[in-house]
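Quick look at my_file07.cif (mmCIF, C-alpha atoms):
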data_final
loop_
_atom_site.label_atom_id
_atom_site.label_comp_id
_atom_site.auth_asym_id
_atom_site.auth_seq_id
_atom_site.Cartn_x
_atom_site.Cartn_y
_atom_site.Cartn_z
CA THR A 832 -102.27 -25.35 113.74
CA ALA A 833 -102.80 -26.25 110.10
CA VAL A 834 -105.18 -23.33 109.62
CA GLY A 835 -102.49 -20.94 110.82
CA LEU A 836 -99.92 -22.48 108.50
CA TYR A 837 -102.16 -22.32 105.44
CA MET A 838 -103.23 -18.74 106.12
CA GLN A 839 -99.60 -17.70 105.89
CA TYR A 840 -99.75 -18.47 102.17
CA TRP A 841 -101.83 -15.31 101.70
CA ILE A 842 -100.68 -13.35 104.75
CA PRO A 843 -97.09 -14.45 105.42
CA TRP A 844 -96.53 -11.88 108.15
CA LEU A 845 -99.52 -13.05 110.20
CA PRO A 846 -98.56 -15.10 113.29
CA GLN A 847 -100.08 -18.55 112.85
CA TRP A 848 -101.69 -18.56 116.30
CA ILE A 849 -104.08 -15.73 115.35
CA PRO A 850 -106.06 -17.52 112.59
CA ALA A 851 -105.95 -20.68 114.70
CA LEU A 852 -107.64 -18.83 117.56
CA LEU A 853 -110.19 -17.10 115.32
CA VAL A 854 -111.23 -20.34 113.63
CA LEU A 855 -111.47 -22.13 116.97
CA VAL A 856 -113.77 -19.45 118.40
CA ALA A 857 -115.94 -19.35 115.27
CA LEU A 858 -116.37 -23.12 115.17
CA LEU A 859 -117.10 -23.26 118.89
CA LEU A 860 -119.90 -20.71 118.51
CA MET A 861 -121.38 -22.67 115.61
CA ASN A 862 -121.24 -25.93 117.56
CA LEU A 863 -122.93 -24.32 120.56
CA THR A 864 -125.86 -23.14 118.46
CA ALA A 865 -127.27 -26.44 117.19
CA VAL A 866 -126.01 -29.76 115.87
CA LYS A 867 -127.49 -29.02 112.45
CA TYR A 868 -124.89 -26.30 111.98
CA PHE A 869 -122.14 -28.82 112.60
CA GLY A 870 -123.62 -30.99 109.87
CA GLU A 871 -124.06 -28.01 107.56
CA MET A 872 -120.44 -26.96 107.96
CA GLU A 873 -119.18 -30.49 107.41
CA PHE A 874 -121.30 -30.78 104.27
CA TRP A 875 -119.71 -27.72 102.70
CA PHE A 876 -116.21 -28.62 103.89
CA ALA A 877 -116.59 -32.09 102.39
CA LEU A 878 -118.10 -30.75 99.16
CA ILE A 879 -115.08 -28.50 98.58
CA LYS A 880 -112.70 -31.44 99.02
CA VAL A 881 -114.76 -33.74 96.82
CA ILE A 882 -114.93 -31.18 94.01
CA ALA A 883 -111.17 -30.65 94.16
CA ILE A 884 -110.34 -34.37 94.09
CA ILE A 885 -112.86 -35.24 91.38
CA SER A 886 -111.57 -32.33 89.30
CA LEU A 887 -108.04 -33.67 89.68
CA ILE A 888 -109.11 -37.18 88.66
CA ILE A 889 -111.07 -35.99 85.62
CA ILE A 890 -108.32 -33.64 84.45
CA GLY A 891 -105.73 -36.33 85.07
CA ILE A 892 -107.60 -38.97 83.08
CA ILE A 893 -107.93 -36.55 80.16
CA MET A 894 -104.19 -35.80 80.37
CA ILE A 895 -103.36 -39.51 80.35
CA ILE A 896 -105.73 -40.37 77.50
CA THR A 897 -104.42 -37.52 75.33
CA GLY A 898 -100.78 -38.23 76.16
CA PHE A 899 -100.28 -34.81 77.72
CA THR A 900 -96.64 -33.84 78.11
CA THR A 901 -95.41 -32.18 81.29
CA ASP A 902 -91.91 -31.17 82.32
CA ALA A 903 -91.59 -34.72 83.71
CA GLY A 904 -92.54 -36.44 80.46
CA VAL A 905 -95.64 -37.95 78.92
CA ALA A 906 -98.56 -38.73 81.22
CA ALA A 907 -99.28 -42.47 81.22
CA PHE A 908 -100.39 -45.14 83.66
CA SER A 909 -97.08 -46.90 83.07
CA ASN A 910 -95.34 -44.12 85.01
CA MET A 911 -96.52 -45.87 88.17
CA TRP A 912 -94.18 -48.83 87.60
CA ASN A 913 -91.64 -47.74 84.98
CA TYR A 914 -89.27 -46.08 87.44
CA GLY A 915 -88.00 -48.97 89.49
CA GLY A 916 -91.28 -50.68 90.29
CA TRP A 917 -93.50 -50.21 93.30
CA PHE A 918 -90.73 -50.16 95.93
CA PRO A 919 -87.61 -48.89 94.12
CA ASN A 920 -85.85 -48.04 97.39
CA GLY A 921 -87.18 -50.90 99.47
CA THR A 922 -90.15 -51.07 101.79
CA MET A 923 -88.84 -48.85 104.60
CA GLY A 924 -90.23 -45.65 103.10
CA PHE A 925 -93.57 -47.36 102.65
CA ILE A 926 -93.60 -48.43 106.29
CA LEU A 927 -92.54 -45.00 107.58
CA SER A 928 -95.34 -43.35 105.62
CA PHE A 929 -97.88 -45.08 107.85
CA GLN A 930 -97.45 -42.35 110.45
CA MET A 931 -99.24 -39.86 108.20
CA VAL A 932 -101.59 -42.51 106.81
CA VAL A 933 -102.82 -43.44 110.29
CA PHE A 934 -103.07 -39.75 111.16
CA ALA A 935 -105.30 -39.24 108.12
CA PHE A 936 -107.69 -41.88 109.44
CA THR A 937 -107.88 -40.34 112.90
CA GLY A 938 -111.49 -39.38 113.47
CA ILE A 939 -113.06 -42.09 111.34
CA GLU A 940 -114.92 -43.20 114.47
CA LEU A 941 -116.89 -39.97 114.23
CA VAL A 942 -119.38 -41.82 112.03
CA GLY A 943 -120.51 -43.81 115.05
CA LEU A 944 -120.60 -40.81 117.38
CA THR A 945 -123.18 -39.08 115.21
CA ALA A 946 -125.65 -41.97 115.54
CA GLY A 947 -127.41 -40.43 118.52
CA GLU A 948 -128.24 -37.28 116.58
CA THR A 949 -129.02 -38.83 113.20
CA GLU A 950 -132.43 -39.43 111.73
CA ASP A 951 -132.97 -43.13 111.03
CA PRO A 952 -129.50 -44.19 112.32
CA GLU A 953 -130.24 -47.90 111.71
CA LYS A 954 -130.24 -47.19 108.00
CA VAL A 955 -127.94 -44.19 107.63
CA ILE A 956 -124.99 -45.24 109.81
CA PRO A 957 -124.39 -48.70 108.23
CA MET A 958 -124.65 -47.10 104.81
CA ALA A 959 -122.07 -44.48 105.73
CA ILE A 960 -119.69 -47.06 107.20
CA ASN A 961 -120.03 -49.38 104.22
CA ASN A 962 -119.24 -46.50 101.86
CA ILE A 963 -115.95 -45.68 103.59
CA PRO A 964 -113.81 -48.27 101.69
CA LEU A 965 -115.26 -47.13 98.36
CA ARG A 966 -114.52 -43.50 99.14
CA ILE A 967 -110.97 -44.36 100.20
CA ILE A 968 -110.39 -46.16 96.91
CA LEU A 969 -111.85 -43.31 94.86
CA PHE A 970 -110.52 -40.26 96.66
CA TYR A 971 -107.24 -41.50 98.15
CA VAL A 972 -106.06 -44.31 95.91
CA GLY A 973 -107.65 -42.85 92.79
CA SER A 974 -106.07 -39.42 93.16
CA LEU A 975 -102.67 -40.93 94.00
CA ALA A 976 -102.82 -43.18 90.94
CA ILE A 977 -103.61 -40.20 88.72
CA ILE A 978 -100.85 -38.06 90.22
CA MET A 979 -98.23 -40.81 89.84
CA SER A 980 -99.36 -41.44 86.28
CA ILE A 981 -98.75 -37.79 85.41
CA TYR A 982 -95.67 -37.26 87.55
CA PRO A 983 -93.56 -40.34 88.31
CA TRP A 984 -92.19 -40.50 91.82
CA THR A 985 -88.78 -39.32 90.61
CA ALA A 986 -90.33 -36.02 89.49
CA VAL A 987 -92.48 -35.36 92.56
CA ASN A 988 -91.24 -32.49 94.69
CA PRO A 989 -91.88 -33.34 98.36
CA ALA A 990 -91.87 -29.63 99.19
CA ALA A 991 -94.72 -28.84 96.76
CA SER A 992 -98.28 -30.06 96.35
CA PRO A 993 -98.78 -32.55 93.50
CA PHE A 994 -102.31 -31.19 93.15
CA VAL A 995 -100.84 -27.78 92.39
CA ALA A 996 -98.43 -29.33 89.89
CA VAL A 997 -101.24 -31.06 87.98
CA PHE A 998 -103.53 -28.02 87.88
CA THR A 999 -100.65 -25.73 86.94
CA ALA A 1000 -99.62 -28.06 84.11
CA VAL A 1001 -102.98 -27.54 82.40
CA GLY A 1002 -102.79 -23.78 82.73
CA ILE A 1003 -104.70 -23.07 85.94
CA THR A 1004 -102.48 -20.26 87.19
CA ALA A 1005 -104.36 -19.87 90.46
CA ALA A 1006 -103.80 -23.54 91.31
CA ALA A 1007 -101.69 -22.89 94.39
CA GLY A 1008 -104.28 -20.57 95.90
CA ILE A 1009 -107.15 -22.93 95.09
CA VAL A 1010 -105.44 -25.96 96.62
CA ASN A 1011 -104.39 -23.94 99.65
CA PHE A 1012 -108.03 -22.96 100.15
CA VAL A 1013 -109.09 -26.61 99.90
CA VAL A 1014 -106.59 -27.78 102.51
CA LEU A 1015 -107.54 -24.81 104.68
CA THR A 1016 -111.15 -25.99 104.71
CA SER A 1017 -109.92 -29.52 105.47
CA ALA A 1018 -108.07 -28.21 108.50
CA ALA A 1019 -111.15 -26.31 109.64
CA SER A 1020 -113.20 -29.47 109.15
CA ALA A 1021 -110.82 -31.44 111.36
CA THR A 1022 -111.13 -28.81 114.09
CA ASN A 1023 -114.90 -28.75 113.73
CA SER A 1024 -115.09 -32.53 114.05
CA GLY A 1025 -112.75 -32.47 117.03
CA ILE A 1026 -114.90 -30.00 118.93
CA PHE A 1027 -118.06 -31.96 118.16
CA SER A 1028 -116.77 -35.47 118.84
CA THR A 1029 -114.85 -34.68 122.03
CA GLY A 1030 -117.80 -32.77 123.44
CA ARG A 1031 -120.15 -35.68 122.76
CA MET A 1032 -117.75 -38.22 124.26
CA ILE A 1033 -117.35 -36.17 127.43
CA TYR A 1034 -121.12 -35.81 127.63
CA ALA A 1035 -121.54 -39.58 127.31
CA LEU A 1036 -118.94 -40.15 130.03
CA ALA A 1037 -120.72 -37.69 132.30
CA LYS A 1038 -124.03 -39.51 131.83
CA ARG A 1039 -122.33 -42.70 133.00
CA GLY A 1040 -120.71 -41.02 135.97
CA HIS A 1041 -117.18 -41.07 134.55
CA ALA A 1042 -116.92 -37.30 134.11
CA PRO A 1043 -118.17 -34.31 136.15
CA SER A 1044 -121.96 -34.14 136.21
CA SER A 1045 -121.86 -30.54 134.98
CA MET A 1046 -120.81 -31.87 131.59
CA ARG A 1047 -124.32 -33.29 131.15
CA ARG A 1048 -125.95 -29.88 130.89
CA LEU A 1049 -127.69 -29.17 127.60
CA THR A 1050 -128.85 -26.07 125.81
CA HIS A 1051 -132.43 -25.67 124.57
CA SER A 1052 -131.27 -27.18 121.27
CA SER A 1053 -129.86 -30.25 123.10
CA VAL A 1054 -126.21 -29.28 122.71
CA PRO A 1055 -123.96 -30.36 125.63
CA TYR A 1056 -122.55 -26.87 125.95
CA GLN A 1057 -120.21 -27.36 128.90
CA ALA A 1058 -118.66 -30.45 127.34
CA THR A 1059 -118.33 -28.63 124.02
CA ILE A 1060 -116.69 -25.62 125.67
CA PHE A 1061 -114.31 -27.95 127.50
CA SER A 1062 -113.44 -29.59 124.18
CA ALA A 1063 -112.60 -26.21 122.67
CA ALA A 1064 -110.65 -25.23 125.78
CA VAL A 1065 -108.40 -28.26 125.32
CA LEU A 1066 -107.87 -27.29 121.70
CA LEU A 1067 -106.86 -23.87 122.96
CA ILE A 1068 -103.63 -25.52 124.10
CA THR A 1069 -102.64 -25.84 120.45
CA VAL A 1070 -103.12 -22.10 120.01
CA VAL A 1071 -100.69 -21.51 122.86
CA LEU A 1072 -98.24 -23.97 121.31
CA ASN A 1073 -98.54 -22.13 118.00
CA TYR A 1074 -97.46 -19.01 119.83
CA VAL A 1075 -94.62 -20.65 121.75
CA MET A 1076 -93.20 -23.06 119.14
CA PRO A 1077 -94.78 -22.35 115.73
CA GLU A 1078 -92.14 -24.19 113.69
CA ALA A 1079 -92.39 -27.53 115.50
CA VAL A 1080 -95.97 -27.71 116.74
CA PHE A 1081 -97.52 -29.33 113.64
CA VAL A 1082 -95.15 -32.30 113.55
CA MET A 1083 -95.42 -32.73 117.30
CA ILE A 1084 -99.23 -32.80 117.29
CA THR A 1085 -99.50 -35.18 114.33
CA SER A 1086 -96.98 -37.53 115.91
CA ILE A 1087 -98.76 -37.57 119.28
CA SER A 1088 -102.21 -38.03 117.76
CA THR A 1089 -100.97 -40.86 115.53
CA PHE A 1090 -99.33 -42.64 118.46
CA CYS A 1091 -102.39 -42.26 120.69
CA PHE A 1092 -104.77 -43.36 117.92
#
Would you kindly transcribe this structure into structure tokens?
Amino acid sequence: TAVGLYMQYWIPWLPQWIPALLVLVALLLMNLTAVKYFGEMEFWFALIKVIAIISLIIIGIIMIITGFTTDAGVAAFSNMWNYGGWFPNGTMGFILSFQMVVFAFTGIELVGLTAGETEDPEKVIPMAINNIPLRIILFYVGSLAIIMSIYPWTAVNPAASPFVAVFTAVGITAAAGIVNFVVLTSAASATNSGIFSTGRMIYALAKRGHAPSSMRRLTHSSVPYQATIFSAAVLLITVVLNYVMPEAVFVMITSISTFCF
């Protein structure tokens, strides 16, 4: 769904179900080949996001240190509390934001699901889990702190990306396209993880007799291909929804996934 929405930035006339279907098929084929390709794709998807966020943080810190002036005023850490404090309109908005916050954390359990196909899981998995809080602080909290220091909440346009605003302010004219590409890869990463994780969970259920035995079948590279295909087939429902109700499908899916999580 998100892939289709983001592709419309470059090709506005393209129905959003078409890129959604193409990405789904491409990721399914990659996941059916070997698990190493899943890891390879996730590495590059993650690298793109990390580069974008670190670039924002570095540029933002330079803007704050130099007292850079935007159309919203001078960049400074004090912008985070100078406009009515932390909750200028009460705590209700903060509470309501948890729908998207929880949605953003959907899939964090994927770290544990990869244990069975990880070299030295006793060492790697605990390290990955222990690094999660640090990464949240750096990439989520850090980027938000920088954005709010440059643009106080009164100047943030909810209909536009604050990342684009920051990059545009320093003269990066292609900021909108760059950020759109980053979020496009994030959407593809979410789909990729969904295909992988659901397929592995169905395979595990089949091994315990809680799912059809056919879901236990593996390829020569030890990929549970029937479970993976079933996972992609379920995701195909979203492609149909993108065709039937393109305007409402994104909010509906995020709401359902947040509630179920």
### Message
Using the chain letters and numbers from this file, what does the PyMOL selection byres ((chain A and resi 834-848) around 9) select? Give the answer as number ranges by chain.
### Response
A: 832-833, 849-854, 1008, 1011-1012, 1014-1019, 1069-1074, 1077, 1081
### Task
Please evaluate the PyMOL selection byres ((chain A and resi 871-885) around 10) against the displayed coordinates and give the resulting residues as an NGL selection string.
:A and (858 or 861-862 or 866-870 or 886-891 or 969-971 or 973-974 or 994 or 1009-1010 or 1012-1021 or 1023-1024)
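This file, queried with the PyMOL selection byres ((chain A and resi 912) around 12), gives the residues A:Ala907, A:Phe908, A:Ser909, A:Asn910, A:Met911, A:Asn913, A:Tyr914, A:Gly915, A:Gly916, A:Trp917, A:Phe918, A:Pro919, A:Ala976, A:Met979, A:Ser980, A:Tyr982, A:Pro983, A:Trp984, A:Thr985.
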### Task
Compare A:Leu1049, A:Leu927, A:Leu1066, A:Met1032 by their minimum atom-to-atom distance to A:Gly943, counting all atoms listed in the file, and give me the closest one.
A:Met1032
#### Entry: Separation of atom CA of A:Ala991 from atom CA of A:Asp902 in Å
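Atom-to-atom, atom CA of A:Asp902 and atom CA of A:Ala991 are spaced 14.9 Å apart.
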### Message
Please compute the atom CA of A:Asn961-atom CA of A:Val933 distance, one decimal, in Å.
### Response
19.2 Å
### Task
Check the smallest atom-to-atom distance from each of A:Ala1063, A:Ile963, A:Ala1079, A:Met894 to A:Thr1029 using all atoms listed in the file, then report the winner.
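Closest to A:Thr1029, using all atoms listed in the file: A:Ala1063.
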### Query
So what do you get for atom CA of A:Gly1030 versus atom CA of A:Ile956, distance-wise?
19.8 Å
#### Entry: Expected answer as number ranges by chain: all residues with atoms within 12 Å of (-126.9, -29.3, 126.0), only C-alpha atoms
A: 862-866, 1030-1031, 1033-1035, 1045-1060
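Remark: for A:Phe1027, the closest of the candidate residues A:Ile1068, A:Leu944, A:Val856, A:Ile926 is A:Leu944 (distances computed over all atoms listed in the file).
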